[in-house]
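S.K.: Quick one, start_5.csv (CSV, C-alpha atoms):
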chain,number,residue,atom,x,y,z
M,175,MET,CA,0.0,0.0,0.0
M,176,ALA,CA,1.5,3.3,-1.1
M,177,ASN,CA,0.8,7.0,-0.3
M,178,ILE,CA,0.1,8.8,-3.6
M,179,VAL,CA,-0.4,12.5,-4.0
M,180,ILE,CA,-2.6,13.6,-7.0
M,181,VAL,CA,-2.7,17.3,-7.6
M,182,GLY,CA,-5.8,17.8,-9.6
M,183,ALA,CA,-7.8,14.7,-8.6
M,184,SER,CA,-11.3,16.1,-9.1
M,185,SER,CA,-11.9,15.2,-12.8
M,186,GLY,CA,-10.5,13.8,-16.0
M,187,ILE,CA,-7.3,11.8,-15.8
M,188,GLY,CA,-6.7,12.7,-12.1
M,189,ALA,CA,-10.0,11.4,-11.0
M,190,ALA,CA,-9.6,8.2,-13.1
M,191,LEU,CA,-6.2,7.6,-11.6
M,192,ALA,CA,-7.5,8.2,-8.0
M,193,THR,CA,-10.3,5.7,-8.6
M,194,GLN,CA,-7.8,3.0,-9.9
M,195,LEU,CA,-5.3,3.6,-7.1
M,196,MET,CA,-7.9,3.5,-4.3
M,197,ALA,CA,-9.5,0.3,-5.8
M,198,ALA,CA,-6.0,-1.2,-5.6
M,199,GLY,CA,-5.8,-0.4,-1.9
M,200,HIS,CA,-3.5,2.7,-2.0
M,201,GLN,CA,-3.8,5.8,0.1
M,202,VAL,CA,-4.6,8.7,-2.2
M,203,TYR,CA,-4.1,12.3,-1.0
M,204,GLY,CA,-6.0,14.4,-3.6
M,205,THR,CA,-6.4,18.1,-4.2
M,206,TYR,CA,-9.0,20.0,-6.1
M,207,HIS,CA,-9.4,23.7,-7.0
M,208,ALA,CA,-13.0,24.7,-7.8
M,209,THR,CA,-14.7,21.4,-8.4
M,210,LEU,CA,-15.1,18.6,-5.9
M,211,PRO,CA,-14.7,15.0,-7.2
M,212,ALA,CA,-17.9,13.3,-8.1
M,213,THR,CA,-17.3,11.2,-5.0
M,214,ALA,CA,-15.0,11.8,-2.1
M,215,THR,CA,-15.3,8.3,-0.9
M,216,GLY,CA,-12.1,6.4,-0.4
M,217,PHE,CA,-9.6,9.3,-0.3
M,218,ALA,CA,-7.1,9.2,2.6
M,219,HIS,CA,-7.4,13.0,2.4
M,220,LEU,CA,-9.1,15.4,0.0
M,221,GLN,CA,-7.9,19.0,0.1
M,222,ALA,CA,-8.9,22.3,-1.6
M,223,LEU,CA,-5.8,23.8,-3.0
M,224,ASN,CA,-5.0,26.6,-5.5
M,225,ILE,CA,-1.7,25.8,-7.1
M,226,LEU,CA,-1.5,29.4,-8.3
M,227,ASP,CA,-1.2,30.7,-4.8
M,228,GLU,CA,2.3,32.0,-4.0
M,229,SER,CA,2.8,29.3,-1.3
M,230,PRO,CA,0.2,26.5,-1.6
M,231,ASP,CA,-0.3,24.7,1.7
M,232,PHE,CA,0.7,21.0,1.4
M,233,GLY,CA,0.8,20.6,5.2
M,234,PHE,CA,-1.9,17.9,5.0
M,235,LEU,CA,0.5,15.3,3.5
M,236,PRO,CA,2.0,12.3,5.4
M,237,ASP,CA,5.7,12.1,6.2
M,238,VAL,CA,6.2,9.4,3.5
M,239,ILE,CA,5.0,10.0,-0.1
M,240,ASP,CA,5.5,7.1,-2.6
M,241,GLY,CA,4.2,8.9,-5.6
M,242,LEU,CA,3.4,12.4,-6.9
M,243,VAL,CA,1.2,13.1,-10.0
M,244,TYR,CA,0.6,16.6,-11.3
M,245,CYS,CA,-2.5,16.8,-13.4
M,246,PRO,CA,-3.7,20.5,-13.7
M,247,GLY,CA,-3.6,21.8,-17.2
M,248,ALA,CA,-5.2,24.1,-19.7
M,249,LEU,CA,-6.0,23.7,-23.4
M,250,THR,CA,-6.4,27.1,-25.1
M,251,LEU,CA,-6.3,26.8,-28.9
M,252,LYS,CA,-6.1,29.9,-31.0
M,253,PRO,CA,-3.9,31.6,-33.7
M,254,PHE,CA,-0.5,32.7,-32.4
M,255,ALA,CA,-1.1,36.3,-33.5
M,256,ARG,CA,-4.0,36.5,-31.2
M,257,ILE,CA,-2.2,35.3,-28.1
M,258,LYS,CA,-1.0,38.0,-25.7
M,259,PRO,CA,2.3,37.5,-24.0
M,260,GLU,CA,0.6,37.5,-20.6
M,261,GLU,CA,-1.4,34.5,-21.7
M,262,PHE,CA,1.8,32.5,-22.2
M,263,ILE,CA,2.9,33.6,-18.7
M,264,ALA,CA,-0.4,32.5,-17.1
M,265,ASP,CA,-0.3,29.2,-18.9
M,266,TYR,CA,3.3,28.7,-17.8
M,267,GLN,CA,2.4,29.4,-14.2
M,268,LEU,CA,-0.2,26.7,-14.2
M,269,GLN,CA,1.4,24.0,-16.3
M,270,LEU,CA,5.1,24.4,-15.3
M,271,VAL,CA,5.5,26.5,-12.2
M,272,GLY,CA,2.6,24.7,-10.5
M,273,ALA,CA,4.4,21.4,-11.1
M,274,VAL,CA,7.6,22.9,-9.6
M,275,LYS,CA,5.7,24.1,-6.5
M,276,ALA,CA,4.1,20.7,-6.0
M,277,THR,CA,7.3,18.8,-6.5
M,278,GLN,CA,9.4,21.1,-4.2
M,279,ALA,CA,6.7,20.8,-1.5
M,280,CYS,CA,6.8,17.0,-1.7
M,281,LEU,CA,10.4,16.4,-2.3
M,282,ALA,CA,11.6,15.7,1.2
M,283,LYS,CA,8.7,13.3,1.8
M,284,LEU,CA,9.3,11.5,-1.4
M,285,LYS,CA,12.9,10.9,-0.3
M,286,ASN,CA,11.5,9.1,2.7
M,287,ALA,CA,9.9,6.4,0.5
M,288,ALA,CA,11.6,3.2,-0.6
M,289,SER,CA,10.9,3.6,-4.4
M,290,PRO,CA,9.3,7.0,-5.1
M,291,SER,CA,8.0,8.1,-8.4
M,292,ILE,CA,6.9,11.4,-10.0
M,293,VAL,CA,4.6,11.6,-13.0
M,294,PHE,CA,3.9,14.7,-15.1
M,295,PHE,CA,1.7,15.2,-18.2
M,296,SER,CA,2.7,16.7,-21.5
M,297,THR,CA,0.9,16.6,-24.9
M,298,VAL,CA,1.5,15.1,-28.3
M,299,ALA,CA,1.6,18.7,-29.6
M,300,VAL,CA,5.2,19.1,-28.2
M,301,GLN,CA,6.6,16.5,-30.6
M,302,THR,CA,4.2,17.0,-33.4
M,303,GLY,CA,3.4,20.5,-34.5
M,304,PHE,CA,-0.3,21.4,-34.8
M,305,ASN,CA,-2.0,24.6,-35.8
M,306,PHE,CA,-3.1,26.8,-33.0
M,307,HIS,CA,-1.3,24.8,-30.3
M,308,THR,CA,1.6,27.2,-29.6
M,309,LEU,CA,0.3,28.1,-26.1
M,310,VAL,CA,0.0,24.6,-24.8
M,311,ALA,CA,3.0,23.2,-26.7
M,312,ALA,CA,5.3,25.9,-25.2
M,313,SER,CA,4.2,25.1,-21.6
M,314,LYS,CA,4.2,21.4,-22.0
M,315,GLY,CA,7.6,21.5,-23.8
M,316,ALA,CA,8.9,23.0,-20.6
M,317,ILE,CA,7.4,20.2,-18.6
M,318,GLU,CA,9.2,17.7,-20.8
M,319,GLY,CA,12.5,19.5,-20.2
M,320,LEU,CA,11.8,19.6,-16.4
M,321,SER,CA,11.0,15.8,-16.4
M,322,ARG,CA,14.3,14.8,-18.0
M,323,ALA,CA,16.5,17.2,-16.0
M,324,LEU,CA,14.8,16.4,-12.7
M,325,ALA,CA,15.1,12.7,-13.4
M,326,ALA,CA,18.8,13.1,-13.8
M,327,GLU,CA,19.1,15.2,-10.7
M,328,LEU,CA,17.0,12.9,-8.5
M,329,ALA,CA,18.5,9.6,-9.7
M,330,PRO,CA,18.9,7.0,-8.3
M,331,LYS,CA,16.4,7.7,-5.5
M,332,ILE,CA,13.4,9.2,-7.3
M,333,ARG,CA,12.1,8.2,-10.8
M,334,VAL,CA,10.6,11.0,-12.9
M,335,ASN,CA,8.6,10.3,-16.1
M,336,CYS,CA,6.1,12.2,-18.2
M,337,ILE,CA,3.1,11.0,-20.2
M,338,ALA,CA,2.3,12.8,-23.5
M,339,PRO,CA,-1.3,12.1,-24.5
M,340,SER,CA,-3.2,13.0,-27.6
M,341,LEU,CA,-6.9,14.1,-27.6
M,342,THR,CA,-8.5,12.5,-24.5
M,343,ASP,CA,-12.2,12.7,-23.5
M,344,THR,CA,-11.9,14.8,-20.4
M,345,PRO,CA,-13.6,18.1,-19.4
M,346,LEU,CA,-10.4,19.9,-20.6
M,347,ALA,CA,-11.2,18.9,-24.1
M,348,ALA,CA,-15.0,19.3,-23.9
M,349,ALA,CA,-15.2,22.0,-26.5
M,350,LEU,CA,-13.4,19.7,-29.0
M,351,LEU,CA,-15.6,16.7,-28.3
M,352,ASN,CA,-19.1,18.2,-27.6
M,353,THR,CA,-20.8,16.5,-30.6
M,354,VAL,CA,-20.9,13.1,-32.1
M,355,GLU,CA,-19.4,14.5,-35.3
M,356,LYS,CA,-16.5,16.1,-33.5
M,357,LYS,CA,-15.7,12.9,-31.6
M,358,GLU,CA,-15.8,10.9,-34.8
M,359,ALA,CA,-13.6,13.4,-36.6
M,360,GLY,CA,-11.1,13.4,-33.7
M,361,ALA,CA,-11.0,9.6,-33.7
M,362,GLN,CA,-10.3,9.4,-37.4
M,363,ARG,CA,-7.2,11.6,-37.1
M,364,HIS,CA,-5.5,8.9,-35.0
M,365,PRO,CA,-4.1,5.7,-36.5
M,366,LEU,CA,-6.1,3.7,-33.9
M,367,LYS,CA,-9.2,5.5,-35.0
M,368,LYS,CA,-10.3,6.4,-31.5
M,369,ILE,CA,-9.8,9.1,-29.0
M,370,GLY,CA,-8.2,8.5,-25.6
M,371,GLN,CA,-10.2,7.8,-22.4
M,372,PRO,CA,-9.1,9.1,-19.0
M,373,GLU,CA,-8.7,5.5,-17.9
M,374,ASP,CA,-6.1,4.8,-20.7
M,375,LEU,CA,-3.8,7.5,-19.3
M,376,ALA,CA,-4.5,6.5,-15.7
M,377,TYR,CA,-3.4,2.9,-16.3
M,378,LEU,CA,-0.1,4.2,-17.6
M,379,ALA,CA,0.3,6.5,-14.7
M,380,SER,CA,-0.4,3.7,-12.3
M,381,PHE,CA,2.3,1.6,-13.9
M,382,LEU,CA,4.8,4.5,-13.7
M,383,LEU,CA,4.0,4.9,-10.0
M,384,SER,CA,4.5,1.2,-9.3
M,385,GLU,CA,7.7,-0.7,-8.7
M,386,LYS,CA,6.9,-2.6,-12.0
M,387,SER,CA,8.4,0.4,-13.7
M,388,GLY,CA,11.4,0.5,-11.5
M,389,TRP,CA,13.9,0.6,-14.4
M,390,ILE,CA,12.2,3.5,-16.2
M,391,THR,CA,13.1,7.2,-15.6
M,392,GLY,CA,13.6,10.3,-17.6
M,393,GLN,CA,11.1,9.2,-20.3
M,394,ILE,CA,8.4,10.9,-22.3
M,395,LEU,CA,5.8,8.2,-22.9
M,396,HIS,CA,3.6,8.8,-25.9
M,397,ALA,CA,0.1,7.4,-25.2
M,398,ASP,CA,-1.5,9.0,-28.2
M,399,GLY,CA,-3.2,6.4,-30.4
M,400,GLY,CA,-0.2,6.4,-32.7
M,401,MET,CA,-0.5,10.2,-33.6
M,402,SER,CA,3.1,11.1,-32.9
M,403,SER,CA,4.8,8.3,-34.8
M,404,LEU,CA,2.5,6.7,-37.4
M,405,LYS,CA,1.1,7.9,-40.7
M,406,VAL,CA,-1.6,5.5,-42.0
Turn this file's structure into structure tokens for me.
M.R.:
Amino acid sequence: MANIVIVGASSGIGAALATQLMAAGHQVYGTYHATLPATATGFAHLQALNILDESPDFGFLPDVIDGLVYCPGALTLKPFARIKPEEFIADYQLQLVGAVKATQACLAKLKNAASPSIVFFSTVAVQTGFNFHTLVAASKGAIEGLSRALAAELAPKIRVNCIAPSLTDTPLAAALLNTVEKKEAGAQRHPLKKIGQPEDLAYLASFLLSEKSGWITGQILHADGGMSSLKV
């Protein structure tokens, strides 16, 4: 039984991961911002937390943390010419600086664990250029750099990996998937002809948190229906 911290456990991938981990008997310490999870049943602790605060309070965590997962994100798609510089800064604060705050707050307690693991999330748009994705690709590109550099710095004690999904059916992507036609069009753009489900990414995160992935660190894992590497 492990103590796992999920920042952003209220919906999407974070909620799916919390459900899987709790079903497996792990202690999940989840945070949420504005939206409570559909059910709070099973959490070891569920805490309201705004990662954009200057000094978010992580005082509710136990002394030993076996895993940290940072899930908050944003998906703003629009032409580069219409994006104000301050929008890049705001996105960077959420996607990258928030991950830094969470990791620094948990670092000493992660070092107390036997086989600790950190999991971040990127996007397929970092490796594969897409129209109107400059905002999210820039922030998530920074996350990928953080993942690799931090994996080197924290080895051999703490493993650090990053998952880069393609289009996934979460509230974050609701505007892109709010009709049957949009869902079908999104599916057809992928070699596997389907869009991702939160559980797909949660299973991969669960694996990266476990000792079954004990020889994996510093990796960007592309769970994207083949989007980043196949043309069919």
S.K.: So, counting only C-alpha atoms, which residue among M:Pro339, M:Pro345, M:Pro236, M:Gly388 is closest to M:Gly370?
M.R.: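 Residue with the minimum atom-to-atom distance to M:Gly370: M:Pro339.
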S.K.: Mind giving me the straight-line distance from atom CA of M:Thr209 to atom CA of M:Ala222 in Å, one decimal?
M.R.: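 Atom-to-atom, atom CA of M:Thr209 and atom CA of M:Ala222 are spaced 9.0 Å apart.
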S.K.: Rank nothing, just name the residue among M:Ala316, M:Ala361, M:Ala379, M:Leu351 nearest to M:Leu191, using all atoms listed in the file.
M.R.: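 Using all atoms listed in the file, the shortest distance to M:Leu191 belongs to M:Ala379.
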S.K.: Report the distance between atom CA of M:Ile317 and atom CA of M:Val271 in Å, rounded to one decimal place.
M.R.: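 Interatomic distance here is 9.2 Å.
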S.K.: Choose the residue, out of M:Leu251, M:Val334, M:Leu350, M:Cys245, that has the smallest atom-to-atom separation from M:Gly186; count all atoms listed in the file.
M.R.: M:Cys245
S.K.: Which of these residues is nearest to M:Thr302, using only C-alpha atoms: M:Ala376, M:Leu249, M:Ala338, M:Ala197?
M.R.: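 The answer is M:Ala338, which sits nearest to M:Thr302.
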S.K.: Let me make sure I understand: among M:Ala326, M:Ala282, M:Ala348, M:Leu395, which one has the smallest atom-to-atom distance to M:Leu235 if we use all atoms listed in the file?
M.R.: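 Between M:Ala326, M:Ala282, M:Ala348, M:Leu395, the residue approaching M:Leu235 most closely is M:Ala282.
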S.K.: Near M:Thr213, counting all atoms listed in the file, which residues have an atom at most 12 Å away, once you skip same-chain residues fewer than 6 positions from it, shown as a short mmCIF file (atom, residue, chain, number, x, y, z; two decimals) with C-alpha atoms, in the coordinates of the input?
M.R.:
data_model
loop_
_atom_site.label_atom_id
_atom_site.label_comp_id
_atom_site.auth_asym_id
_atom_site.auth_seq_id
_atom_site.Cartn_x
_atom_site.Cartn_y
_atom_site.Cartn_z
CA ALA M 183 -7.80 14.70 -8.60
CA SER M 184 -11.30 16.10 -9.10
CA SER M 185 -11.90 15.20 -12.80
CA ALA M 189 -10.00 11.40 -11.00
CA ALA M 190 -9.60 8.20 -13.10
CA ALA M 192 -7.50 8.20 -8.00
CA THR M 193 -10.30 5.70 -8.60
CA GLY M 204 -6.00 14.40 -3.60
CA LEU M 220 -9.10 15.40 0.00
#
S.K.: Which residue gives the smallest distance to M:Glu261 among M:Leu366, M:Leu242, M:Met401, M:Val310, with all atoms listed in the file counted?
M.R.: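 Smallest separation from M:Glu261 among the options: M:Val310.
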S.K.: Could you tell me how far atom CA of M:Ile178 sits from atom CA of M:Leu223, in Å to one decimal place?
M.R.: 16.1 Å
S.K.: Within 10 Å of (6.0, 22.8, -22.8), in the coordinates the file gives, what residues turn up when you count all atoms listed in the file, written out as number ranges by chain?
M.R.: M: 265-266, 269-270, 295-297, 299-300, 308-320
S.K.: Would you mind listing what lies within 6 Å of M:Val293 as a list in words, with all atoms listed in the file counted and same-chain residues fewer than 4 positions away left out?
M.R.: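 Everything that qualifies: Val243, Asn335 and Cys336 of chain M.
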S.K.: Output the selection as an mmCIF file, in the coordinates of the input - C-alpha atoms for each residue.
M.R.:
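Done, and the output landed in again30.cif:
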data_model
loop_
_atom_site.group_PDB
_atom_site.id
_atom_site.type_symbol
_atom_site.label_atom_id
_atom_site.label_comp_id
_atom_site.auth_asym_id
_atom_site.auth_seq_id
_atom_site.Cartn_x
_atom_site.Cartn_y
_atom_site.Cartn_z
ATOM 1 C CA VAL M 243 1.200 13.100 -10.000
ATOM 2 C CA ASN M 335 8.600 10.300 -16.100
ATOM 3 C CA CYS M 336 6.100 12.200 -18.200
#
S.K.: Neighbouring residues of M:Leu375 were defined as those with any atom within 8 Å, considering all atoms listed in the file; residues of the same chain fewer than 2 positions away were excluded. Please report them as an NGL selection string.
M.R.: :M and (187 or 337 or 339 or 370-373 or 377-379 or 397)
S.K.: Dump C-alpha atoms for the selected residues as an mmCIF file, keeping the file's coordinate frame?
M.R.:
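The new file again-v3.cif reads:
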data_model
loop_
_atom_site.group_PDB
_atom_site.id
_atom_site.type_symbol
_atom_site.label_atom_id
_atom_site.label_comp_id
_atom_site.auth_asym_id
_atom_site.auth_seq_id
_atom_site.Cartn_x
_atom_site.Cartn_y
_atom_site.Cartn_z
ATOM 1 C CA ILE M 187 -7.300 11.800 -15.800
ATOM 2 C CA ILE M 337 3.100 11.000 -20.200
ATOM 3 C CA PRO M 339 -1.300 12.100 -24.500
ATOM 4 C CA GLY M 370 -8.200 8.500 -25.600
ATOM 5 C CA GLN M 371 -10.200 7.800 -22.400
ATOM 6 C CA PRO M 372 -9.100 9.100 -19.000
ATOM 7 C CA GLU M 373 -8.700 5.500 -17.900
ATOM 8 C CA TYR M 377 -3.400 2.900 -16.300
ATOM 9 C CA LEU M 378 -0.100 4.200 -17.600
ATOM 10 C CA ALA M 379 0.300 6.500 -14.700
ATOM 11 C CA ALA M 397 0.100 7.400 -25.200
#
S.K.: Please identify all polymer residues within 9 Å of M:Gly360, counting all atoms listed in the file, omitting same-chain residues fewer than 5 positions from it, and present them as JSON, numbers by chain.
M.R.: {"M": [341, 350, 351, 355, 367, 368, 369]}
S.K.: Counting all atoms listed in the file, I want the residues whose atoms come within 12 Å of (-8.1, 0.8, -4.3) in the file frame, returned as a PyMOL selection string.
M.R.: chain M and resi 175-178+190-202+215-218+380
S.K.: Adding 5 Å on each side of the box along x, y and z that holds all listed atoms of stretch 350-367 of chain M, could you give its centre and edge lengths in Å to one decimal, as lines of an AutoDock Vina configuration file?
M.R.:
center_x = -12.5
center_y = 11.7
center_z = -32.5
size_x = 26.8
size_y = 26.0
size_z = 19.8
S.K.: Reconstruct N, CA and C atoms of stretch 375-394 of chain M from the incomplete input and present them as an mmCIF file, in the frame of the given file.
M.R.:
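See selection.cif below for the written result:
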data_model
loop_
_atom_site.group_PDB
_atom_site.id
_atom_site.type_symbol
_atom_site.label_atom_id
_atom_site.label_comp_id
_atom_site.auth_asym_id
_atom_site.auth_seq_id
_atom_site.Cartn_x
_atom_site.Cartn_y
_atom_site.Cartn_z
ATOM 1 N N LEU M 375 -4.941 6.742 -19.799
ATOM 2 C CA LEU M 375 -3.800 7.500 -19.300
ATOM 3 C C LEU M 375 -3.565 7.115 -17.796
ATOM 4 N N ALA M 376 -4.665 6.866 -17.073
ATOM 5 C CA ALA M 376 -4.500 6.500 -15.700
ATOM 6 C C ALA M 376 -3.838 5.167 -15.491
ATOM 7 N N TYR M 377 -4.127 4.192 -16.375
ATOM 8 C CA TYR M 377 -3.400 2.900 -16.300
ATOM 9 C C TYR M 377 -1.935 3.076 -16.478
ATOM 10 N N LEU M 378 -1.548 3.929 -17.417
ATOM 11 C CA LEU M 378 -0.100 4.200 -17.600
ATOM 12 C C LEU M 378 0.517 4.865 -16.448
ATOM 13 N N ALA M 379 -0.182 5.855 -15.895
ATOM 14 C CA ALA M 379 0.300 6.500 -14.700
ATOM 15 C C ALA M 379 0.466 5.580 -13.537
ATOM 16 N N SER M 380 -0.511 4.700 -13.363
ATOM 17 C CA SER M 380 -0.400 3.700 -12.300
ATOM 18 C C SER M 380 0.794 2.835 -12.427
ATOM 19 N N PHE M 381 1.089 2.438 -13.663
ATOM 20 C CA PHE M 381 2.300 1.600 -13.900
ATOM 21 C C PHE M 381 3.553 2.394 -13.570
ATOM 22 N N LEU M 382 3.613 3.655 -13.962
ATOM 23 C CA LEU M 382 4.800 4.500 -13.700
ATOM 24 C C LEU M 382 5.000 4.730 -12.208
ATOM 25 N N LEU M 383 3.922 4.719 -11.451
ATOM 26 C CA LEU M 383 4.000 4.900 -10.000
ATOM 27 C C LEU M 383 4.461 3.629 -9.295
ATOM 28 N N SER M 384 4.277 2.503 -9.939
ATOM 29 C CA SER M 384 4.500 1.200 -9.300
ATOM 30 C C SER M 384 5.975 0.780 -9.457
ATOM 31 N N GLU M 385 6.387 -0.190 -8.651
ATOM 32 C CA GLU M 385 7.700 -0.700 -8.700
ATOM 33 C C GLU M 385 7.911 -1.589 -10.004
ATOM 34 N N LYS M 386 6.818 -1.883 -10.710
ATOM 35 C CA LYS M 386 6.900 -2.600 -12.000
ATOM 36 C C LYS M 386 7.643 -1.769 -13.034
ATOM 37 N N SER M 387 7.687 -0.462 -12.816
ATOM 38 C CA SER M 387 8.400 0.400 -13.700
ATOM 39 C C SER M 387 9.723 0.888 -13.131
ATOM 40 N N GLY M 388 10.270 0.068 -12.263
ATOM 41 C CA GLY M 388 11.400 0.500 -11.500
ATOM 42 C C GLY M 388 12.700 0.741 -12.256
ATOM 43 N N TRP M 389 12.730 0.380 -13.559
ATOM 44 C CA TRP M 389 13.900 0.600 -14.400
ATOM 45 C C TRP M 389 13.617 1.701 -15.449
ATOM 46 N N ILE M 390 12.589 2.508 -15.203
ATOM 47 C CA ILE M 390 12.200 3.500 -16.200
ATOM 48 C C ILE M 390 12.232 4.894 -15.517
ATOM 49 N N THR M 391 13.029 5.788 -16.058
ATOM 50 C CA THR M 391 13.100 7.200 -15.600
ATOM 51 C C THR M 391 13.543 8.090 -16.685
ATOM 52 N N GLY M 392 13.151 9.348 -16.609
ATOM 53 C CA GLY M 392 13.600 10.300 -17.600
ATOM 54 C C GLY M 392 12.899 10.173 -18.950
ATOM 55 N N GLN M 393 11.765 9.472 -18.992
ATOM 56 C CA GLN M 393 11.100 9.200 -20.300
ATOM 57 C C GLN M 393 9.877 10.013 -20.528
ATOM 58 N N ILE M 394 9.656 10.312 -21.807
ATOM 59 C CA ILE M 394 8.400 10.900 -22.300
ATOM 60 C C ILE M 394 7.644 9.799 -22.967
#
